[in-house]
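Novice: Pasting model_27.cif below, which is mmCIF, C-alpha atoms and all ligand atoms.
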data_final
#
loop_
_atom_site.label_atom_id
_atom_site.label_comp_id
_atom_site.auth_asym_id
_atom_site.auth_seq_id
_atom_site.Cartn_x
_atom_site.Cartn_y
_atom_site.Cartn_z
CA MET U 978 15.27 -18.30 -75.06
CA ALA U 979 13.18 -21.39 -75.71
CA LYS U 980 10.67 -22.21 -73.02
CA LYS U 981 11.46 -25.34 -71.07
CA GLN U 982 9.11 -27.69 -69.33
CA PHE U 983 9.54 -28.46 -65.67
CA GLY U 984 7.67 -30.86 -63.44
CA ILE U 985 7.73 -30.02 -59.75
CA ILE U 986 6.58 -32.77 -57.41
CA GLY U 987 5.89 -31.66 -53.84
CA LEU U 988 4.99 -28.08 -53.09
CA GLY U 989 6.45 -27.63 -49.63
CA ARG U 990 8.63 -24.61 -49.02
CA PHE U 991 11.32 -25.70 -51.44
CA GLY U 992 9.08 -26.97 -54.24
CA SER U 993 6.81 -23.96 -54.15
CA TYR U 994 9.68 -21.43 -54.24
CA LEU U 995 11.17 -23.35 -57.11
CA ALA U 996 7.90 -23.59 -59.07
CA ARG U 997 7.18 -19.92 -58.50
CA THR U 998 10.63 -18.75 -59.55
CA LEU U 999 10.67 -20.87 -62.70
CA ALA U 1000 7.23 -19.60 -63.65
CA GLU U 1001 8.32 -16.02 -63.05
CA GLN U 1002 11.18 -16.63 -65.43
CA GLY U 1003 8.71 -17.56 -68.13
CA GLN U 1004 9.16 -21.32 -67.99
CA GLU U 1005 6.41 -23.89 -68.30
CA VAL U 1006 5.77 -25.51 -64.92
CA VAL U 1007 3.53 -28.42 -64.04
CA ALA U 1008 3.28 -28.66 -60.25
CA VAL U 1009 1.87 -31.55 -58.26
CA ASP U 1010 1.08 -32.05 -54.62
CA ARG U 1011 -1.33 -34.29 -52.80
CA SER U 1012 -2.37 -31.39 -50.62
CA GLU U 1013 -5.18 -29.35 -52.07
CA LYS U 1014 -4.09 -26.27 -50.16
CA ALA U 1015 -0.55 -26.38 -51.56
CA VAL U 1016 -1.86 -26.72 -55.10
CA GLU U 1017 -4.38 -23.95 -54.68
CA GLU U 1018 -1.70 -21.54 -53.51
CA ILE U 1019 0.41 -22.00 -56.61
CA SER U 1020 -2.27 -22.55 -59.22
CA SER U 1021 -2.48 -18.96 -60.43
CA VAL U 1022 1.27 -18.77 -60.97
CA VAL U 1023 2.20 -21.97 -62.84
CA SER U 1024 0.97 -23.42 -66.14
CA GLN U 1025 -0.74 -26.37 -64.49
CA ALA U 1026 -1.19 -27.32 -60.84
CA VAL U 1027 -2.61 -30.72 -59.99
CA VAL U 1028 -3.73 -32.43 -56.79
CA ALA U 1029 -2.42 -35.98 -57.03
CA ASP U 1030 -0.42 -38.64 -55.26
CA ALA U 1031 2.89 -38.74 -57.12
CA THR U 1032 3.70 -42.23 -55.88
CA ARG U 1033 1.33 -43.56 -58.55
CA LYS U 1034 3.21 -44.31 -61.73
CA GLU U 1035 0.12 -43.71 -63.92
CA THR U 1036 -0.15 -40.18 -62.51
CA LEU U 1037 3.42 -39.37 -63.45
CA GLU U 1038 2.91 -40.72 -66.94
CA HIS U 1039 -0.44 -39.04 -67.37
CA LEU U 1040 1.08 -35.66 -66.49
CA GLY U 1041 3.77 -36.17 -69.10
CA PHE U 1042 6.69 -36.08 -66.67
CA ASP U 1043 8.55 -38.60 -68.81
CA LYS U 1044 8.75 -36.03 -71.61
CA MET U 1045 9.71 -32.91 -69.68
CA ASP U 1046 13.12 -31.28 -69.71
CA THR U 1047 13.52 -31.63 -65.96
CA VAL U 1048 11.48 -33.09 -63.12
CA VAL U 1049 12.25 -32.11 -59.55
CA VAL U 1050 11.21 -34.45 -56.75
CA ALA U 1051 10.78 -32.18 -53.74
CA ILE U 1052 8.92 -34.45 -51.35
CA GLY U 1053 10.02 -34.48 -47.71
CA SER U 1054 9.73 -38.23 -47.11
CA LEU U 1055 12.65 -40.30 -48.35
CA ALA U 1056 10.55 -43.44 -48.89
CA GLN U 1057 8.15 -41.56 -51.13
CA SER U 1058 10.93 -39.72 -52.97
CA VAL U 1059 12.56 -43.07 -53.67
CA LEU U 1060 9.37 -44.47 -55.13
CA VAL U 1061 8.69 -41.41 -57.28
CA THR U 1062 12.29 -41.29 -58.52
CA LEU U 1063 12.18 -44.98 -59.37
CA PHE U 1064 8.97 -44.58 -61.37
CA LEU U 1065 10.30 -41.51 -63.18
CA LYS U 1066 13.42 -43.48 -64.04
CA GLU U 1067 11.32 -46.40 -65.34
CA LEU U 1068 9.28 -44.01 -67.44
CA GLY U 1069 12.51 -42.68 -68.96
CA ALA U 1070 12.40 -39.15 -67.54
CA ARG U 1071 15.29 -37.19 -69.02
CA ASN U 1072 16.58 -35.21 -66.08
CA ILE U 1073 15.51 -36.06 -62.56
CA ILE U 1074 16.61 -33.82 -59.71
CA ALA U 1075 15.77 -35.18 -56.28
CA LYS U 1076 15.81 -33.34 -52.98
CA ALA U 1077 17.25 -35.14 -49.97
CA LEU U 1078 17.34 -34.16 -46.33
CA ASN U 1079 20.76 -35.62 -45.61
CA GLU U 1080 23.76 -37.39 -47.15
CA GLU U 1081 22.32 -40.90 -46.70
CA GLY U 1082 19.13 -39.95 -48.48
CA ALA U 1083 21.16 -38.31 -51.22
CA LYS U 1084 23.18 -41.49 -51.71
CA ILE U 1085 20.09 -43.64 -52.02
CA LEU U 1086 18.43 -41.30 -54.52
CA SER U 1087 21.61 -41.22 -56.63
CA LEU U 1088 21.84 -45.00 -56.60
CA ILE U 1089 18.28 -45.27 -57.85
CA GLY U 1090 19.27 -43.07 -60.74
CA ALA U 1091 18.41 -39.45 -59.96
CA HIS U 1092 20.57 -37.42 -62.32
CA ARG U 1093 21.27 -34.87 -59.64
CA VAL U 1094 20.59 -34.83 -55.93
CA ILE U 1095 20.42 -31.71 -53.84
CA ILE U 1096 20.39 -31.16 -50.11
CA PRO U 1097 19.08 -27.58 -50.10
CA GLU U 1098 20.27 -26.59 -46.64
CA ARG U 1099 23.73 -28.04 -47.18
CA ASP U 1100 24.02 -26.58 -50.67
CA SER U 1101 22.92 -23.10 -49.76
CA ALA U 1102 25.13 -23.10 -46.66
CA ILE U 1103 28.13 -24.04 -48.82
CA ARG U 1104 27.27 -21.33 -51.32
CA LEU U 1105 26.87 -18.77 -48.56
CA ALA U 1106 30.14 -19.78 -46.91
CA ARG U 1107 31.97 -19.50 -50.22
CA SER U 1108 30.50 -16.13 -50.96
CA LEU U 1109 31.47 -14.91 -47.48
CA VAL U 1110 35.04 -16.08 -47.84
CA MET U 1111 35.64 -15.25 -51.47
CA PRO U 1112 35.41 -11.59 -52.34
CA ASN U 1113 32.23 -11.19 -54.27
CA PHE U 1114 32.71 -9.57 -57.64
CA LEU U 1115 29.35 -7.93 -57.21
CA ASP U 1116 30.72 -5.82 -54.37
CA PHE U 1117 33.13 -4.19 -56.78
CA LEU U 1118 31.12 -3.79 -59.92
CA PRO U 1119 28.40 -1.23 -60.35
CA LEU U 1120 26.22 -3.61 -62.39
CA LEU U 1121 22.93 -2.66 -63.92
CA PRO U 1122 19.71 -4.08 -62.52
CA ASP U 1123 19.14 -7.60 -63.84
CA PHE U 1124 22.81 -8.06 -64.69
CA TYR U 1125 24.64 -10.53 -62.54
CA ILE U 1126 27.81 -12.46 -62.15
CA THR U 1127 27.15 -16.08 -61.48
CA GLU U 1128 29.07 -19.29 -61.09
CA VAL U 1129 27.93 -22.33 -63.01
CA LYS U 1130 29.10 -25.85 -63.60
CA PRO U 1131 29.57 -26.37 -67.32
CA PRO U 1132 26.77 -28.29 -69.04
CA PRO U 1133 28.07 -31.69 -70.30
CA GLU U 1134 28.20 -30.50 -73.91
CA PHE U 1135 30.68 -27.75 -72.99
CA VAL U 1136 33.27 -30.20 -71.68
CA GLY U 1137 36.32 -30.61 -73.93
CA LYS U 1138 35.51 -27.48 -75.93
CA SER U 1139 37.39 -24.20 -75.95
CA LEU U 1140 35.75 -20.89 -75.13
CA LYS U 1141 36.27 -19.90 -78.72
CA GLU U 1142 34.38 -22.95 -80.01
CA LEU U 1143 31.54 -22.42 -77.54
CA ASP U 1144 31.12 -18.80 -78.54
CA LEU U 1145 28.92 -18.08 -75.53
CA ARG U 1146 28.85 -14.38 -76.25
CA ARG U 1147 27.02 -14.92 -79.49
CA LYS U 1148 24.96 -17.97 -78.54
CA TYR U 1149 23.91 -16.99 -75.02
CA ARG U 1150 24.95 -13.36 -74.71
CA VAL U 1151 27.05 -14.09 -71.64
CA TYR U 1152 30.74 -13.44 -71.00
CA VAL U 1153 33.11 -15.82 -69.28
CA ILE U 1154 35.09 -13.59 -66.95
CA GLY U 1155 36.76 -16.30 -64.92
CA VAL U 1156 37.28 -20.03 -64.55
CA LYS U 1157 38.26 -22.23 -61.66
CA ARG U 1158 39.70 -25.71 -61.99
CA ALA U 1159 38.71 -28.31 -59.41
CA PHE U 1160 41.02 -28.07 -56.38
CA ALA U 1161 42.64 -24.85 -57.64
CA ASP U 1162 42.67 -22.11 -55.04
CA GLN U 1163 42.44 -19.24 -57.41
CA ILE U 1164 40.07 -18.12 -60.06
CA GLN U 1165 41.76 -17.52 -63.38
CA LEU U 1166 40.37 -14.23 -64.52
CA LEU U 1167 39.77 -13.40 -68.17
CA PRO U 1168 40.60 -16.86 -69.54
CA PRO U 1169 42.02 -16.94 -73.07
CA ALA U 1170 39.87 -18.06 -76.03
CA ASP U 1171 41.74 -21.36 -76.29
CA TYR U 1172 40.91 -22.31 -72.69
CA VAL U 1173 39.41 -25.82 -72.83
CA ILE U 1174 36.67 -26.58 -70.31
CA GLU U 1175 36.97 -29.59 -68.04
CA ARG U 1176 34.12 -31.42 -66.39
CA ASP U 1177 34.80 -30.16 -62.87
CA ASP U 1178 35.53 -26.55 -63.79
CA ILE U 1179 33.46 -23.70 -62.48
CA LEU U 1180 32.72 -20.87 -64.87
CA TYR U 1181 32.10 -17.31 -63.77
CA LEU U 1182 29.76 -15.60 -66.15
CA VAL U 1183 28.42 -12.12 -66.47
CA GLY U 1184 25.23 -11.33 -68.32
CA HIS U 1185 21.56 -10.54 -68.12
CA GLN U 1186 19.74 -12.63 -65.57
CA LYS U 1187 17.55 -14.25 -68.27
CA ASP U 1188 20.52 -15.25 -70.40
CA LEU U 1189 22.38 -16.63 -67.40
CA ALA U 1190 19.32 -18.60 -66.36
CA ALA U 1191 18.98 -20.11 -69.83
CA LEU U 1192 22.55 -21.31 -69.70
CA ALA U 1193 22.41 -22.57 -66.12
CA LEU U 1194 19.37 -24.66 -66.98
CA GLU U 1195 21.35 -26.51 -69.62
CA GLY U 1196 23.68 -27.74 -66.91
P1 LIG H 1 9.80 -28.62 -47.61
O1 LIG H 1 10.96 -28.78 -46.68
O2 LIG H 1 10.22 -28.23 -49.01
O3 LIG H 1 8.72 -27.70 -47.08
P2 LIG H 1 7.95 -30.79 -47.08
O4 LIG H 1 8.32 -32.20 -46.82
O5 LIG H 1 7.41 -30.03 -45.94
O6 LIG H 1 9.19 -30.09 -47.78
O7 LIG H 1 6.88 -30.71 -48.26
C1 LIG H 1 6.78 -31.65 -49.18
C2 LIG H 1 5.49 -31.48 -49.96
O8 LIG H 1 5.34 -32.68 -50.71
C3 LIG H 1 4.22 -31.33 -49.11
O9 LIG H 1 3.46 -30.23 -49.60
C4 LIG H 1 3.49 -32.65 -49.31
O10 LIG H 1 2.09 -32.49 -49.37
C5 LIG H 1 4.01 -33.11 -50.67
N1 LIG H 1 3.95 -34.56 -50.82
C6 LIG H 1 4.40 -35.50 -49.95
N2 LIG H 1 4.16 -36.73 -50.44
C7 LIG H 1 3.58 -36.57 -51.65
C8 LIG H 1 3.09 -37.47 -52.67
N3 LIG H 1 3.18 -38.78 -52.53
N4 LIG H 1 2.55 -36.94 -53.79
C9 LIG H 1 2.45 -35.60 -53.95
N5 LIG H 1 2.87 -34.72 -53.04
C10 LIG H 1 3.43 -35.18 -51.89
#
Rewrite the structure of this file - the entire thing - as C-alpha cells.

Specialist:
Amino acid sequence: MAKKQFGIIGLGRFGSYLARTLAEQGQEVVAVDRSEKAVEEISSVVSQAVVADATRKETLEHLGFDKMDTVVVAIGSLAQSVLVTLFLKELGARNIIAKALNEEGAKILSLIGAHRVIIPERDSAIRLARSLVMPNFLDFLPLLPDFYITEVKPPPEFVGKSLKELDLRRKYRVYVIGVKRAFADQIQLLPPADYVIERDDILYLVGHQKDLAALALEG
C-alpha cells in the first residue's frame, strides 16, 4: 500500500484522533494547530507537527498542503474554516475535507468548494443508528483479528465498472460480499461479477483492515 500524505488542520478532539489514527496506519501526516499544547501532544506520533495559524495562505502553501492527497480542515470556528478552505481551494488542493458543526456550516463549506463536508456527530450517529437497526455481519462471523467487514462508498473511478473489471480481490485483496443501491431496502449479498457499480451504491467489503483502509482512502 503506497503511503499517502495527509494534512490535518486543527488538533481538537476530532483532528487529533484523526491525525493519530492515520499515523498509526502508516500514513504520512502533517498536523497544524495554533495551540502549542495541541501540537506538542501529537508531535511524537505524526511525521510533522507545526504551530501555525492556518488562516494565513502562505502557511498553507509553505507546508505543501496544495500537493497532499487530502487535507482535512478540523477547526471549530466556521469563519476560520471558511477562510482556510477558500485558501486551500485557491492553492489547488486536491481533496479538501471540511468539518462542520451543523447543516448550515456544511452548506457554506460545500459552496466554497470543499470536496467533502462532514458533521462528525451527525455522521457517527447515523452510522450507529444504522448498525443498531441492521444486523451486523460481524455478529455472525467469527472473523480473525484485523479482519473486518466495512461499508464504503465507491471511489469515483469505480463508477460504471463491473466487479469483474475492478478485480478488487487481486488489486486490493478485498472481497465484495454485498452491495446496496441508493433507496433499496435490502443488501444484495454476493453480487455477480457483472454487477456494475453506480455512484450512490454502498459496497460491503471484507478484508484485512489495512487493505480496507487503502481502498476507503481512495473514495
Ligand atoms: P473539536 O470539536 O474537534 O475538539 P475544536 O474547535 O475544539 O474542535 O478544536 C479545533 C482546534 O483547531 C483547536 O485545537 C484550535 O487551536 C485549532 N484552531 C482553531 N483556529 C485555528 C487556526 N486559525 N489555525 C490553526 N489551528 C486553529

Novice: Nearest to ligand LIG 1 (chain H) among U:Arg1176, U:Arg1071, U:Lys1138, U:Arg990, with distances taken over only C-alpha atoms and all ligand atoms: which residue is it?

Specialist: U:Arg990

Novice: Go through the chains and note each residue within 7 Å of ligand LIG 1 (chain H), using only C-alpha atoms and all ligand atoms, then give the set as a ChimeraX atom specification.

Specialist: /U:986-992,1009-1012,1015,1029-1032,1051-1054,1057

Novice: Please tell me which residues are no farther than 10 Å from (3.3, -36.9, -62.9) in the file, counting only C-alpha atoms, and write them as a VMD selection string.

Specialist: chain U and resid 984 to 986 1007 to 1010 1027 1029 to 1043 1048 1061 1064 to 1065

Novice: Please dump the current selection as a tab-separated table (two decimals), in the coordinates of the input; keep C-alpha atoms.

Specialist:
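File written: part39.tsv
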chain	number	residue	atom	x	y	z
U	984	GLY	CA	7.67	-30.86	-63.44
U	985	ILE	CA	7.73	-30.02	-59.75
U	986	ILE	CA	6.58	-32.77	-57.41
U	1007	VAL	CA	3.53	-28.42	-64.04
U	1008	ALA	CA	3.28	-28.66	-60.25
U	1009	VAL	CA	1.87	-31.55	-58.26
U	1010	ASP	CA	1.08	-32.05	-54.62
U	1027	VAL	CA	-2.61	-30.72	-59.99
U	1029	ALA	CA	-2.42	-35.98	-57.03
U	1030	ASP	CA	-0.42	-38.64	-55.26
U	1031	ALA	CA	2.89	-38.74	-57.12
U	1032	THR	CA	3.70	-42.23	-55.88
U	1033	ARG	CA	1.33	-43.56	-58.55
U	1034	LYS	CA	3.21	-44.31	-61.73
U	1035	GLU	CA	0.12	-43.71	-63.92
U	1036	THR	CA	-0.15	-40.18	-62.51
U	1037	LEU	CA	3.42	-39.37	-63.45
U	1038	GLU	CA	2.91	-40.72	-66.94
U	1039	HIS	CA	-0.44	-39.04	-67.37
U	1040	LEU	CA	1.08	-35.66	-66.49
U	1041	GLY	CA	3.77	-36.17	-69.10
U	1042	PHE	CA	6.69	-36.08	-66.67
U	1043	ASP	CA	8.55	-38.60	-68.81
U	1048	VAL	CA	11.48	-33.09	-63.12
U	1061	VAL	CA	8.69	-41.41	-57.28
U	1064	PHE	CA	8.97	-44.58	-61.37
U	1065	LEU	CA	10.30	-41.51	-63.18

Novice: Contacts of Leu1182 of chain U at 6 Å or less, counting only C-alpha atoms, minus same-chain residues fewer than 3 places along, as a PDB file with C-alpha atoms, in the coordinates of the input?

Specialist:
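Final file, result_31.pdb:
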ATOM      1  CA  ILE U1126      27.810 -12.460 -62.150  1.00  0.00           C
ATOM      2  CA  THR U1127      27.150 -16.080 -61.480  1.00  0.00           C
ATOM      3  CA  TYR U1152      30.740 -13.440 -71.000  1.00  0.00           C
ATOM      4  CA  VAL U1153      33.110 -15.820 -69.280  1.00  0.00           C
ATOM      5  CA  ILE U1154      35.090 -13.590 -66.950  1.00  0.00           C
TER       6      ILE U1154
END

Novice: Give me, please, the distance in Å between atom CA of Gln1186 of chain U and atom CA of Gly1155 of chain U, quoted to one decimal.

Specialist: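 Distance between the two atoms: 17.4 Å.
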
Novice: Taking into account all atoms listed in the file, which residue in the set U:Asp1162, U:Val1028, U:Ile1085, U:Ala1000 is nearest to Glu1013 of chain U?

Specialist: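 Going through U:Asp1162, U:Val1028, U:Ile1085, U:Ala1000 one by one, the smallest distance to Glu1013 of chain U is for U:Val1028.
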
Novice: With all atoms listed in the file counted, which protein, DNA or RNA residues have an atom no more than 10 Å from (38.6, -20.7, -81.3) in the file frame? Please answer as number ranges by chain.

Specialist: U: 1138-1144, 1169-1173

Novice: Using all atoms listed in the file, which of the listed residues (U:Leu1180, U:Ile1164, U:Leu1055, U:Ala1191) sits closest to Glu1128 of chain U?

Specialist: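 Checking each candidate against Glu1128 of chain U, we get U:Leu1180 as the closest.
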
Novice: Would you mind reading off the distance between atom CA of Ala1091 of chain U and atom CA of Leu1078 of chain U, one decimal, in Å?

Specialist: 14.7 Å

Novice: When you look at Lys1066 of chain U with a cut-off of 8 Å (counting all atoms listed in the file), what residues show up, excluding the ones that are within fewer than 4 positions of it in the same chain? I need them as number ranges by chain.

Specialist: U: 1062, 1070, 1073, 1090-1091

Novice: Keeping only C-alpha atoms, take the residues you just selected and write them out as a compact mmCIF listing (two decimals), in the frame of the given file.

Specialist:
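Output saved as again07.txt:
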# COMPACT_ATOMS: atom_id res chain seq x y z
CA THR U 1062 12.29 -41.29 -58.52
CA ALA U 1070 12.40 -39.15 -67.54
CA ILE U 1073 15.51 -36.06 -62.56
CA GLY U 1090 19.27 -43.07 -60.74
CA ALA U 1091 18.41 -39.45 -59.96

Novice: Just give me the gap between atom CA of Val1059 of chain U and atom CA of Asn1072 of chain U in Å, one decimal is fine.

Specialist: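 Between these atoms lies a distance of 15.2 Å.
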